[in-house]
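Just input-v1.txt here, compact mmCIF, C-alpha atoms and all ligand atoms:
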# COMPACT_ATOMS: atom_id res chain seq x y z
CA MET A 1 -47.36 56.78 -13.99
CA SER A 2 -49.92 54.59 -12.22
CA THR A 3 -49.00 52.55 -9.16
CA THR A 4 -49.26 49.33 -11.15
CA GLN A 5 -46.88 50.68 -13.74
CA ALA A 6 -44.45 51.71 -11.00
CA VAL A 7 -44.51 48.23 -9.48
CA GLN A 8 -44.05 46.68 -12.90
CA LYS A 9 -41.12 48.95 -13.53
CA ALA A 10 -39.56 47.99 -10.23
CA LEU A 11 -39.74 44.30 -11.14
CA GLY A 12 -36.72 42.57 -12.59
CA PRO A 13 -36.66 40.42 -15.73
CA PHE A 14 -38.60 37.52 -14.18
CA PRO A 15 -41.96 38.70 -12.84
CA LYS A 16 -43.26 35.23 -13.76
CA LEU A 17 -41.82 31.81 -13.01
CA PRO A 18 -38.75 31.39 -15.25
CA SER A 19 -39.33 28.88 -18.02
CA PRO A 20 -37.52 25.52 -18.16
CA SER A 21 -35.38 26.92 -21.00
CA VAL A 22 -33.99 29.60 -18.65
CA ILE A 23 -33.12 26.94 -16.07
CA LYS A 24 -31.49 24.83 -18.76
CA GLU A 25 -29.48 27.84 -19.93
CA PHE A 26 -28.20 28.28 -16.37
CA LYS A 27 -27.27 24.61 -15.98
CA ASP A 28 -25.43 24.64 -19.31
CA TRP A 29 -23.60 27.80 -18.24
CA VAL A 30 -22.45 26.26 -14.95
CA ALA A 31 -21.38 23.05 -16.69
CA GLU A 32 -19.39 25.05 -19.21
CA THR A 33 -17.85 27.79 -17.06
CA GLY A 34 -18.19 26.62 -13.45
CA GLN A 35 -19.17 30.20 -12.52
CA PRO A 36 -22.81 30.48 -11.39
CA ASP A 37 -22.12 33.95 -9.97
CA LYS A 38 -21.07 35.22 -13.44
CA TRP A 39 -24.28 34.18 -15.21
CA LYS A 40 -25.97 37.06 -17.02
CA TRP A 41 -29.31 36.72 -15.16
CA HIS A 42 -27.80 36.23 -11.70
CA ASP A 43 -28.70 39.16 -9.42
CA HIS A 44 -25.80 40.10 -7.13
CA SER A 45 -27.80 42.05 -4.54
CA THR A 46 -28.53 40.53 -1.14
CA PRO A 47 -32.08 39.08 -1.08
CA PRO A 48 -34.53 40.53 1.48
CA LYS A 49 -34.91 38.16 4.43
CA ASP A 50 -38.68 38.48 4.55
CA HIS A 51 -39.61 37.58 0.95
CA ASP A 52 -40.74 34.17 -0.16
CA TYR A 53 -38.67 32.55 -2.87
CA ASP A 54 -38.72 29.37 -4.93
CA GLU A 55 -35.84 26.96 -5.42
CA LEU A 56 -35.62 26.32 -9.16
CA VAL A 57 -32.81 23.80 -9.34
CA LYS A 58 -29.89 22.51 -7.31
CA PHE A 59 -26.48 22.65 -8.92
CA GLU A 60 -22.82 22.23 -8.24
CA ILE A 61 -19.65 23.51 -9.83
CA PRO A 62 -18.23 20.58 -11.84
CA ASP A 63 -15.25 18.87 -10.19
CA LYS A 64 -13.01 19.45 -13.17
CA LYS A 65 -13.66 23.24 -13.06
CA ARG A 66 -13.10 23.72 -9.33
CA ALA A 67 -9.32 24.03 -9.44
CA ASP A 68 -9.56 26.78 -12.09
CA VAL A 69 -12.53 28.85 -10.97
CA GLY A 70 -12.58 28.22 -7.22
CA LEU A 71 -15.57 28.86 -5.01
CA ALA A 72 -18.51 31.00 -6.17
CA CYS A 73 -19.61 34.17 -4.35
CA CYS A 74 -22.89 33.98 -2.45
CA PRO A 75 -25.12 37.11 -2.52
CA ILE A 76 -26.45 36.22 0.95
CA CYS A 77 -23.36 35.59 3.04
CA SER A 78 -20.34 36.37 0.92
CA PRO A 79 -20.97 38.75 -1.99
CA ASN A 80 -17.31 39.48 -2.72
CA LYS A 81 -15.45 36.36 -1.71
CA GLY A 82 -15.72 32.76 -2.90
CA LYS A 83 -17.94 30.71 -0.61
CA TYR A 84 -19.56 27.62 -2.16
CA PHE A 85 -19.33 24.76 -4.70
CA LYS A 86 -22.89 23.51 -4.19
CA GLY A 87 -25.81 25.86 -4.49
CA VAL A 88 -29.33 26.41 -5.62
CA LEU A 89 -30.80 28.68 -8.26
CA ALA A 90 -33.59 30.66 -6.60
CA TRP A 91 -36.40 32.83 -7.98
CA PHE A 92 -37.62 35.86 -6.03
CA PRO A 93 -41.08 36.68 -7.39
CA ALA A 94 -41.59 39.95 -5.48
CA GLU A 95 -38.43 41.39 -7.04
CA GLY A 96 -38.67 39.48 -10.30
CA VAL A 97 -35.07 38.31 -10.14
CA ILE A 98 -33.04 35.10 -10.02
CA ARG A 99 -30.06 34.48 -7.74
CA ALA A 100 -27.61 31.64 -7.54
CA ILE A 101 -27.11 31.16 -3.80
CA GLY A 102 -24.96 28.92 -1.66
CA HIS A 103 -27.12 26.34 -0.01
CA GLU A 104 -25.79 26.46 3.53
CA CYS A 105 -26.74 29.99 4.53
CA ALA A 106 -30.29 30.12 3.13
CA GLU A 107 -32.00 28.53 6.14
CA LYS A 108 -30.43 30.99 8.56
CA HIS A 109 -31.08 34.00 6.35
CA PHE A 110 -34.70 33.28 5.39
CA GLY A 111 -35.75 31.24 8.41
CA THR A 112 -36.65 27.54 8.45
CA LEU A 113 -40.26 27.96 7.32
CA ARG A 114 -39.44 29.97 4.23
CA PHE A 115 -36.45 27.75 3.46
CA ASN A 116 -38.51 24.54 3.74
CA ARG A 117 -41.28 26.01 1.62
CA ALA A 118 -38.83 26.91 -1.15
CA ARG A 119 -37.30 23.45 -1.12
CA ALA A 120 -40.69 21.71 -1.09
CA ILE A 121 -41.74 23.74 -4.13
CA ARG A 122 -38.69 22.56 -6.06
CA LYS A 123 -39.17 18.94 -5.10
CA HIS A 124 -42.84 19.01 -6.05
CA ARG A 125 -42.11 20.71 -9.36
CA GLN A 126 -39.40 18.15 -10.16
CA ARG A 127 -41.83 15.33 -9.40
CA VAL A 128 -44.48 16.87 -11.65
CA ASP A 129 -41.96 17.35 -14.46
CA ALA A 130 -40.67 13.79 -14.15
CA ALA A 131 -44.22 12.38 -14.18
CA ARG A 132 -45.21 14.44 -17.21
CA ASP A 133 -42.05 13.49 -19.10
CA PHE A 134 -42.52 9.84 -18.33
CA LEU A 135 -46.16 9.82 -19.40
CA PHE A 136 -45.48 11.85 -22.52
CA ASN A 137 -42.71 9.45 -23.54
CA HIS A 138 -44.52 6.24 -22.66
CA LEU A 139 -48.28 6.62 -23.24
CA PRO A 140 -47.73 6.58 -27.02
CA THR A 141 -45.92 3.20 -26.66
CA ILE A 142 -48.64 1.44 -24.65
CA SER A 143 -50.66 0.24 -27.62
CA ALA A 144 -47.63 -1.41 -29.27
CA LEU A 145 -46.54 -2.87 -25.93
CA ARG A 146 -49.93 -4.51 -25.44
CA GLN A 147 -49.69 -6.14 -28.85
CA LYS A 148 -46.13 -7.26 -28.22
CA VAL A 149 -47.09 -8.87 -24.89
CA GLU A 150 -50.04 -10.55 -26.62
CA THR A 151 -47.75 -12.13 -29.22
CA HIS A 152 -45.42 -13.39 -26.49
CA VAL A 153 -48.00 -15.21 -24.39
CA SER A 154 -47.44 -18.54 -26.18
CA THR A 155 -43.65 -18.01 -26.05
CA SER A 156 -43.95 -17.62 -22.28
CA GLU A 157 -45.89 -20.85 -22.06
CA ASP A 158 -43.19 -22.60 -24.13
CA ILE A 159 -40.51 -21.33 -21.75
CA ASP A 160 -42.40 -22.69 -18.74
CA ARG A 161 -43.02 -26.02 -20.45
CA ILE A 162 -39.34 -26.51 -21.34
CA ARG A 163 -38.23 -25.74 -17.78
CA HIS A 164 -40.94 -28.04 -16.43
CA VAL A 165 -39.74 -30.94 -18.61
CA ILE A 166 -36.08 -30.42 -17.66
CA ARG A 167 -36.94 -30.34 -13.96
CA GLY A 168 -39.18 -33.40 -14.34
CA THR A 169 -36.32 -35.30 -15.98
CA VAL A 170 -33.29 -34.36 -13.89
CA THR A 171 -35.01 -32.98 -10.74
CA LYS A 172 -35.51 -29.41 -9.67
CA ALA A 173 -32.67 -29.71 -7.15
CA ALA A 174 -30.21 -30.54 -9.95
CA CYS A 175 -31.41 -27.51 -11.94
CA LEU A 176 -30.96 -25.21 -8.94
CA LYS A 177 -27.53 -26.67 -8.32
CA LEU A 178 -26.36 -26.02 -11.87
CA ALA A 179 -27.75 -22.46 -11.78
CA LYS A 180 -25.84 -21.90 -8.55
CA LEU A 181 -22.60 -23.24 -10.02
CA GLY A 182 -22.80 -20.61 -12.72
CA GLN A 183 -23.96 -17.79 -10.49
CA ARG A 184 -20.57 -16.42 -9.58
CA GLY A 185 -18.81 -16.74 -12.92
CA PRO A 186 -17.83 -19.37 -15.46
CA LEU A 187 -18.52 -23.07 -15.06
CA LEU A 188 -15.30 -24.81 -14.09
CA LEU A 189 -13.46 -28.00 -14.93
CA GLN A 190 -11.46 -29.25 -11.97
CA GLU A 191 -8.96 -32.05 -11.55
CA SER A 192 -8.07 -33.51 -8.23
CA THR A 193 -4.69 -34.90 -7.39
CA GLU A 194 -3.83 -37.15 -4.49
CA ILE A 195 -0.48 -36.58 -2.86
CA GLU A 196 1.22 -38.44 -0.07
CA VAL A 197 2.40 -36.13 2.70
CA THR A 198 4.48 -37.05 5.73
CA ASP A 199 4.13 -34.90 8.85
CA HIS A 200 6.90 -34.16 11.35
CA ASN A 201 6.00 -37.29 13.36
CA GLY A 202 6.76 -39.40 10.32
CA ILE A 203 3.11 -40.32 9.77
CA SER A 204 2.04 -40.22 6.16
CA ARG A 205 -1.41 -39.53 4.82
CA THR A 206 -3.10 -38.74 1.50
CA GLU A 207 -4.15 -35.22 0.70
CA VAL A 208 -6.52 -34.39 -2.13
CA THR A 209 -6.09 -31.08 -3.86
CA SER A 210 -8.22 -29.84 -6.70
CA GLN A 211 -7.06 -27.59 -9.46
CA VAL A 212 -9.06 -25.61 -11.98
CA VAL A 213 -8.00 -26.82 -15.41
CA GLY A 214 -10.59 -25.10 -17.55
CA SER A 215 -13.66 -22.87 -17.54
CA VAL A 216 -16.53 -21.98 -19.79
CA ASN A 217 -18.87 -18.98 -19.79
CA VAL A 218 -22.49 -19.84 -20.37
CA ASP A 219 -25.57 -17.61 -20.50
CA GLY A 220 -29.08 -17.71 -19.17
CA LEU A 221 -28.63 -20.20 -16.32
CA GLY A 222 -31.17 -18.17 -14.33
CA PHE A 223 -33.73 -19.79 -16.62
CA LEU A 224 -33.20 -23.06 -14.71
CA SER A 225 -33.76 -21.53 -11.28
CA ARG A 226 -36.75 -19.20 -11.94
CA GLN A 227 -39.32 -19.56 -9.21
CA PHE A 228 -42.23 -17.98 -11.09
CA LEU A 229 -44.04 -18.86 -14.27
CA THR A 230 -43.26 -16.76 -17.31
CA ALA A 231 -46.85 -17.11 -18.50
CA ALA A 232 -48.06 -15.61 -15.22
CA GLN A 233 -45.59 -12.81 -15.72
CA ALA A 234 -47.00 -12.19 -19.21
CA ARG A 235 -50.56 -12.14 -17.85
CA ASN A 236 -49.59 -9.69 -15.09
CA THR A 237 -47.91 -7.47 -17.65
CA ALA A 238 -50.99 -7.51 -19.88
CA GLN A 239 -53.18 -6.58 -16.91
CA ALA A 240 -50.87 -3.77 -15.83
CA LEU A 241 -50.93 -2.42 -19.39
CA MET A 242 -54.74 -2.49 -19.45
CA LEU A 243 -54.76 0.02 -16.56
CA VAL A 244 -52.86 2.56 -18.66
CA ARG A 245 -54.36 4.66 -21.41
CA ALA A 246 -53.04 3.90 -24.86
CA LEU A 247 -52.82 7.26 -26.62
CA ASN A 248 -50.97 8.76 -29.55
CA GLU A 249 -48.65 11.71 -28.98
CA ASP A 250 -51.26 14.43 -29.51
CA GLU A 251 -53.78 12.68 -27.30
CA ALA A 252 -51.12 12.11 -24.67
CA LEU A 253 -50.27 15.80 -24.58
CA THR A 254 -53.91 16.83 -24.16
CA PHE A 255 -54.48 14.12 -21.58
CA ILE A 256 -51.45 15.10 -19.49
CA CYS A 257 -52.08 18.85 -19.66
CA ASP A 258 -55.88 18.86 -19.31
CA THR A 259 -57.20 15.68 -17.74
CA LEU A 260 -54.23 15.33 -15.40
CA SER A 261 -54.05 18.99 -14.38
CA ASN A 262 -54.67 17.77 -10.83
CA ASP A 263 -51.28 16.63 -9.51
CA ASP A 264 -52.71 13.68 -7.57
CA HIS A 265 -54.23 12.32 -10.76
CA LEU A 266 -50.98 12.94 -12.57
CA PHE A 267 -48.98 10.99 -9.97
CA GLN A 268 -51.50 8.17 -10.00
CA ALA A 269 -51.30 7.87 -13.79
CA ASP A 270 -47.51 8.04 -13.61
CA LYS A 271 -47.40 5.24 -11.03
CA LEU A 272 -49.60 2.93 -13.13
CA ALA A 273 -47.65 3.64 -16.31
CA ARG A 274 -44.31 3.03 -14.60
CA ALA A 275 -45.56 -0.24 -13.10
CA ALA A 276 -46.75 -1.45 -16.51
CA VAL A 277 -43.53 -0.48 -18.29
CA ASP A 278 -41.45 -2.12 -15.53
CA GLU A 279 -43.46 -5.33 -15.78
CA ALA A 280 -42.97 -5.38 -19.54
CA ASP A 281 -39.20 -4.82 -19.15
CA LYS A 282 -38.97 -7.71 -16.69
CA LEU A 283 -40.91 -9.93 -19.09
CA TRP A 284 -38.50 -9.16 -21.96
CA ASP A 285 -35.60 -9.92 -19.62
CA THR A 286 -37.08 -13.32 -18.75
CA ILE A 287 -37.66 -14.15 -22.41
CA ALA A 288 -34.17 -12.96 -23.38
CA GLU A 289 -32.70 -15.13 -20.64
CA ALA A 290 -34.50 -18.24 -21.92
CA LYS A 291 -33.39 -17.50 -25.48
CA ALA A 292 -29.80 -17.03 -24.34
CA PHE A 293 -29.97 -20.37 -22.54
CA LEU A 294 -31.37 -22.11 -25.62
CA HIS A 295 -28.94 -20.53 -28.07
CA PRO A 296 -27.13 -23.23 -30.10
CA ASP A 297 -23.68 -21.99 -29.00
CA ASN A 298 -24.78 -22.02 -25.37
CA LEU A 299 -26.27 -25.51 -25.57
CA MET A 300 -23.09 -26.66 -27.32
CA LYS A 301 -20.96 -25.33 -24.45
CA LEU A 302 -23.24 -26.89 -21.84
CA THR A 303 -23.01 -30.22 -23.69
CA GLU A 304 -19.23 -30.20 -23.82
CA TRP A 305 -18.84 -29.02 -20.25
CA SER A 306 -21.41 -31.31 -18.62
CA ASN A 307 -20.10 -34.42 -20.41
CA ASP A 308 -16.56 -33.76 -19.21
CA PHE A 309 -16.05 -35.86 -16.05
CA ARG A 310 -14.11 -32.95 -14.53
CA SER A 311 -17.18 -30.67 -14.53
CA GLY A 312 -19.08 -32.22 -11.64
CA SER A 313 -22.23 -31.16 -13.47
CA PRO A 314 -25.42 -32.29 -11.70
CA PHE A 315 -26.87 -33.48 -15.04
CA LEU A 316 -25.90 -33.87 -18.66
CA PHE A 317 -26.85 -31.99 -21.80
CA GLU A 318 -26.94 -33.25 -25.32
CA PHE A 319 -27.12 -30.93 -28.28
CA ARG A 320 -25.98 -31.39 -31.85
CA ARG A 321 -25.84 -28.69 -34.45
CA GLU A 322 -27.32 -31.14 -36.99
CA HIS A 323 -30.49 -31.15 -34.88
CA PRO A 324 -30.92 -27.49 -33.93
CA ALA A 325 -34.59 -27.89 -33.05
CA ARG A 326 -34.08 -30.04 -29.98
CA PHE A 327 -31.78 -30.72 -27.09
CA GLY A 328 -31.55 -33.50 -24.56
CA VAL A 329 -31.03 -33.74 -20.82
CA ARG A 330 -30.08 -36.82 -18.83
CA LYS A 331 -29.58 -37.66 -15.21
CA ARG A 332 -26.03 -38.13 -14.15
CA GLY A 333 -24.38 -41.31 -13.02
CA LYS A 334 -26.41 -44.35 -13.86
CA GLY A 335 -25.73 -45.64 -17.34
CA ILE A 336 -29.35 -46.65 -17.71
CA ALA A 337 -30.68 -43.09 -17.43
CA LYS A 338 -32.35 -42.23 -20.72
CA THR A 339 -31.90 -38.93 -22.51
CA ARG A 340 -35.07 -36.87 -22.68
CA TYR A 341 -35.26 -34.84 -25.88
CA ILE A 342 -37.03 -31.50 -25.69
CA PRO A 343 -38.13 -29.62 -28.80
CA ILE A 344 -37.10 -25.97 -29.09
CA PRO A 345 -39.95 -24.01 -30.69
CA GLN A 346 -39.04 -21.77 -33.61
CA LYS A 347 -39.89 -18.61 -31.61
CA LEU A 348 -37.23 -19.46 -29.01
CA ARG A 349 -34.54 -20.35 -31.50
CA SER A 350 -31.89 -17.79 -32.25
CA GLN A 351 -30.95 -17.81 -35.91
ZN ZN B 401 -24.27 31.96 1.39
Using the file provided, produce a representation of the structure as structure tokens.
Amino acid sequence: MSTTQAVQKALGPFPKLPSPSVIKEFKDWVAETGQPDKWKWHDHSTPPKDHDYDELVKFEIPDKKRADVGLACCPICSPNKGKYFKGVLAWFPAEGVIRAIGHECAEKHFGTLRFNRARAIRKHRQRVDAARDFLFNHLPTISALRQKVETHVSTSEDIDRIRHVIRGTVTKAACLKLAKLGQRGPLLLQESTEIEVTDHNGISRTEVTSQVVGSVNVDGLGFLSRQFLTAAQARNTAQALMLVRALNEDEALTFICDTLSNDDHLFQADKLARAAVDEADKLWDTIAEAKAFLHPDNLMKLTEWSNDFRSGSPFLFEFRREHPARFGVRKRGKGIAKTRYIPIPQKLRSQ
């Protein structure tokens, strides 16, 4: 037997880095049984202090299993008696084995340098995996996202125009005030009552108390208080998407594995892709908010509420179901204030 063969024979089942499927098998086992120390690949022997190791994954015994299975044994500090709920699965390349170890004793046993190295390896590997997963899932969607943003540019401009006209008619301050009224919950109807009270000196005075007599839930009031232009948001999203490669699934796989084999490049690509996808998500939120605000049911509620004298609404709405393509706003108070009618473009109308 050659020396190489002898070394190979001495190695356990994992001379190479265990695959993600092995790690998944372990996690499933712990979730199911709560017994990391009973897993078939767990090596019970005490690890040598002077060997490097890699942390593969952190784990903990599920809460609901703890009462049944108790603490797990730790091959480092407590091979025969339960010791830990939280641990880490570790790979020992020189021996070719995996051990589930309690996390508290590792630093003392292996020394801080070796312990930190093992932890840094896990964190880096997790970051690489997360970046690759994200890119693999999202690069194939970039092309469609770009087109979708393109088709929503004019919608964004419509949203800005409608808000601009409302603010121009009833003032920006009134819009902000209404948005604030609805920030913490439903819009209220309140009645005030005056009552005469007499204090112990026999002096009477009038006290005003207000009572909530009704409330209405409306949507999308944030549309009134937005401080940025939706069209600018759409442009920013389009620009962010231009910085990301639009690839199909096969191309994405090759790109991630080959072109981004350097981790710095991988992280850079991941950062750009995440930024673009986040921007797009925020844009859809803004558009959804405007649509919710302009929904016929919502405008109906705003009309009824704002025209009730008990609402204290800073301005008035007017919407009729017979005219679903427009709504009106009017300043409060003065009878002479004219209603300004604002068309609702088809794209912003919910059917
Ligand atoms: Zn231990």
What does the list of residues within 10 Å of ligand ZN 401 (chain B) look like if you count only C-alpha atoms and all ligand atoms, written as a PDB file with C-alpha atoms, in the frame of the given file?
ATOM      1  CA  THR A  46     -28.530  40.530  -1.140  1.00  0.00           C
ATOM      2  CA  ALA A  72     -18.510  31.000  -6.170  1.00  0.00           C
ATOM      3  CA  CYS A  73     -19.610  34.170  -4.350  1.00  0.00           C
ATOM      4  CA  CYS A  74     -22.890  33.980  -2.450  1.00  0.00           C
ATOM      5  CA  PRO A  75     -25.120  37.110  -2.520  1.00  0.00           C
ATOM      6  CA  ILE A  76     -26.450  36.220   0.950  1.00  0.00           C
ATOM      7  CA  CYS A  77     -23.360  35.590   3.040  1.00  0.00           C
ATOM      8  CA  SER A  78     -20.340  36.370   0.920  1.00  0.00           C
ATOM      9  CA  PRO A  79     -20.970  38.750  -1.990  1.00  0.00           C
ATOM     10  CA  GLY A  82     -15.720  32.760  -2.900  1.00  0.00           C
ATOM     11  CA  LYS A  83     -17.940  30.710  -0.610  1.00  0.00           C
ATOM     12  CA  TYR A  84     -19.560  27.620  -2.160  1.00  0.00           C
ATOM     13  CA  GLY A  87     -25.810  25.860  -4.490  1.00  0.00           C
ATOM     14  CA  ALA A 100     -27.610  31.640  -7.540  1.00  0.00           C
ATOM     15  CA  ILE A 101     -27.110  31.160  -3.800  1.00  0.00           C
ATOM     16  CA  GLY A 102     -24.960  28.920  -1.660  1.00  0.00           C
ATOM     17  CA  HIS A 103     -27.120  26.340  -0.010  1.00  0.00           C
ATOM     18  CA  GLU A 104     -25.790  26.460   3.530  1.00  0.00           C
ATOM     19  CA  CYS A 105     -26.740  29.990   4.530  1.00  0.00           C
ATOM     20  CA  ALA A 106     -30.290  30.120   3.130  1.00  0.00           C
ATOM     21  CA  GLU A 107     -32.000  28.530   6.140  1.00  0.00           C
ATOM     22  CA  LYS A 108     -30.430  30.990   8.560  1.00  0.00           C
ATOM     23  CA  HIS A 109     -31.080  34.000   6.350  1.00  0.00           C
TER      24      HIS A 109
END
Using only C-alpha atoms, the residue out of A:Asn248, A:Gln183, A:Gln190, A:Gln126 with shortest distance to Leu224 (chain A) is A:Gln183
Looking at A:Trp39, A:Phe136, A:Phe317, A:Phe85, which one is nearest to Met300 (chain A), with distances taken over all atoms listed in the file?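 The shortest atom-to-atom distance to Met300 (chain A) comes from A:Phe317.
Between Tyr53 (chain A) and the residues A:Phe26, A:Tyr341, A:Phe110, A:Phe309, the shortest atom-to-atom distance, using all atoms listed in the file, involves A:Phe110.
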Show me, as a ChimeraX atom specification, the residues that have an atom within 10 Å of region 88-92 of chain A when counting only C-alpha atoms, minus same-chain residues fewer than 2 positions from it. /A:12,14-18,23,26-27,36,42,47-48,51-60,86,94-104,106,118-119,122
Could you state the separation of CA of Ala280 (chain A) and CA of Leu135 (chain A) in Å, given to one decimal place?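 Going from CA of Ala280 (chain A) over to CA of Leu135 (chain A), I get 15.5 Å.
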Counting only C-alpha atoms, what is within 10 Å of region 154-170 of chain A, bar same-chain residues fewer than 4 positions away, as an MDAnalysis selection string? chainID A and resid 149:150 174:176 223:226 228:235 283 286:287 290:291 294 314:316 328:332 337:348
I'd like the interatomic distance between CA of His138 (chain A) and CA of Ala273 (chain A), to a tenth of an Å. 7.5 Å
Shell of 10 Å around Glu196 (chain A), all atoms listed in the file, local chain residues under 4 positions omitted, as a count of residues only: 5
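In this model, the gap between CA of Lys301 (chain A) and CA of Arg320 (chain A) comes to 10.8 Å.
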Residue among A:Phe327, A:Glu251, A:Pro20, A:Arg310 lying closest to Asp129 (chain A), counting all atoms listed in the file: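 Of A:Phe327, A:Glu251, A:Pro20, A:Arg310, the one nearest Asp129 (chain A), counting all atoms listed in the file, is A:Pro20.
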Nearest-residue call for Asp50 (chain A), choices A:Lys177, A:Arg245, A:Arg114, A:His265, using all atoms listed in the file: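 Closest to Asp50 (chain A) of all the choices is A:Arg114.
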Judged by all atoms listed in the file, the minimum distance to Leu299 (chain A) among A:Thr171, A:Asn217, A:Ser19, A:Gln239 is found for A:Asn217
Would you fill the gaps in region 132-149 of chain A so it has N, CA and C atoms, then print it as a PDB file, keeping the file's coordinate frame?
ATOM      1  N   ARG A 132     -44.743  14.019 -15.878  1.00  0.00           N
ATOM      2  CA  ARG A 132     -45.210  14.440 -17.210  1.00  0.00           C
ATOM      3  C   ARG A 132     -44.303  13.904 -18.305  1.00  0.00           C
ATOM      4  N   ASP A 133     -42.990  13.999 -18.092  1.00  0.00           N
ATOM      5  CA  ASP A 133     -42.050  13.490 -19.100  1.00  0.00           C
ATOM      6  C   ASP A 133     -42.245  12.000 -19.326  1.00  0.00           C
ATOM      7  N   PHE A 134     -42.376  11.292 -18.210  1.00  0.00           N
ATOM      8  CA  PHE A 134     -42.520   9.840 -18.330  1.00  0.00           C
ATOM      9  C   PHE A 134     -43.790   9.494 -19.115  1.00  0.00           C
ATOM     10  N   LEU A 135     -44.896  10.128 -18.728  1.00  0.00           N
ATOM     11  CA  LEU A 135     -46.160   9.820 -19.400  1.00  0.00           C
ATOM     12  C   LEU A 135     -46.103  10.223 -20.876  1.00  0.00           C
ATOM     13  N   PHE A 136     -45.531  11.397 -21.129  1.00  0.00           N
ATOM     14  CA  PHE A 136     -45.480  11.850 -22.520  1.00  0.00           C
ATOM     15  C   PHE A 136     -44.635  10.892 -23.363  1.00  0.00           C
ATOM     16  N   ASN A 137     -43.565  10.372 -22.790  1.00  0.00           N
ATOM     17  CA  ASN A 137     -42.710   9.450 -23.540  1.00  0.00           C
ATOM     18  C   ASN A 137     -43.299   8.048 -23.662  1.00  0.00           C
ATOM     19  N   HIS A 138     -44.103   7.653 -22.679  1.00  0.00           N
ATOM     20  CA  HIS A 138     -44.520   6.240 -22.660  1.00  0.00           C
ATOM     21  C   HIS A 138     -45.960   5.974 -23.069  1.00  0.00           C
ATOM     22  N   LEU A 139     -46.883   6.903 -22.849  1.00  0.00           N
ATOM     23  CA  LEU A 139     -48.280   6.620 -23.240  1.00  0.00           C
ATOM     24  C   LEU A 139     -48.388   6.258 -24.726  1.00  0.00           C
ATOM     25  N   PRO A 140     -47.638   6.947 -25.604  1.00  0.00           N
ATOM     26  CA  PRO A 140     -47.730   6.580 -27.020  1.00  0.00           C
ATOM     27  C   PRO A 140     -47.151   5.188 -27.340  1.00  0.00           C
ATOM     28  N   THR A 141     -46.474   4.540 -26.388  1.00  0.00           N
ATOM     29  CA  THR A 141     -45.920   3.200 -26.660  1.00  0.00           C
ATOM     30  C   THR A 141     -46.817   2.081 -26.124  1.00  0.00           C
ATOM     31  N   ILE A 142     -47.842   2.464 -25.351  1.00  0.00           N
ATOM     32  CA  ILE A 142     -48.640   1.440 -24.650  1.00  0.00           C
ATOM     33  C   ILE A 142     -49.346   0.493 -25.620  1.00  0.00           C
ATOM     34  N   SER A 143     -49.911   1.068 -26.682  1.00  0.00           N
ATOM     35  CA  SER A 143     -50.660   0.240 -27.620  1.00  0.00           C
ATOM     36  C   SER A 143     -49.753  -0.846 -28.234  1.00  0.00           C
ATOM     37  N   ALA A 144     -48.581  -0.439 -28.684  1.00  0.00           N
ATOM     38  CA  ALA A 144     -47.630  -1.410 -29.270  1.00  0.00           C
ATOM     39  C   ALA A 144     -47.160  -2.425 -28.232  1.00  0.00           C
ATOM     40  N   LEU A 145     -46.978  -1.955 -26.998  1.00  0.00           N
ATOM     41  CA  LEU A 145     -46.540  -2.870 -25.930  1.00  0.00           C
ATOM     42  C   LEU A 145     -47.589  -3.946 -25.680  1.00  0.00           C
ATOM     43  N   ARG A 146     -48.853  -3.522 -25.654  1.00  0.00           N
ATOM     44  CA  ARG A 146     -49.930  -4.510 -25.440  1.00  0.00           C
ATOM     45  C   ARG A 146     -49.893  -5.580 -26.499  1.00  0.00           C
ATOM     46  N   GLN A 147     -49.735  -5.155 -27.764  1.00  0.00           N
ATOM     47  CA  GLN A 147     -49.690  -6.140 -28.850  1.00  0.00           C
ATOM     48  C   GLN A 147     -48.478  -7.054 -28.712  1.00  0.00           C
ATOM     49  N   LYS A 148     -47.358  -6.471 -28.346  1.00  0.00           N
ATOM     50  CA  LYS A 148     -46.130  -7.260 -28.220  1.00  0.00           C
ATOM     51  C   LYS A 148     -46.295  -8.323 -27.118  1.00  0.00           C
ATOM     52  N   VAL A 149     -46.881  -7.906 -25.988  1.00  0.00           N
ATOM     53  CA  VAL A 149     -47.090  -8.870 -24.890  1.00  0.00           C
ATOM     54  C   VAL A 149     -48.014  -9.982 -25.373  1.00  0.00           C
TER      55      VAL A 149
END
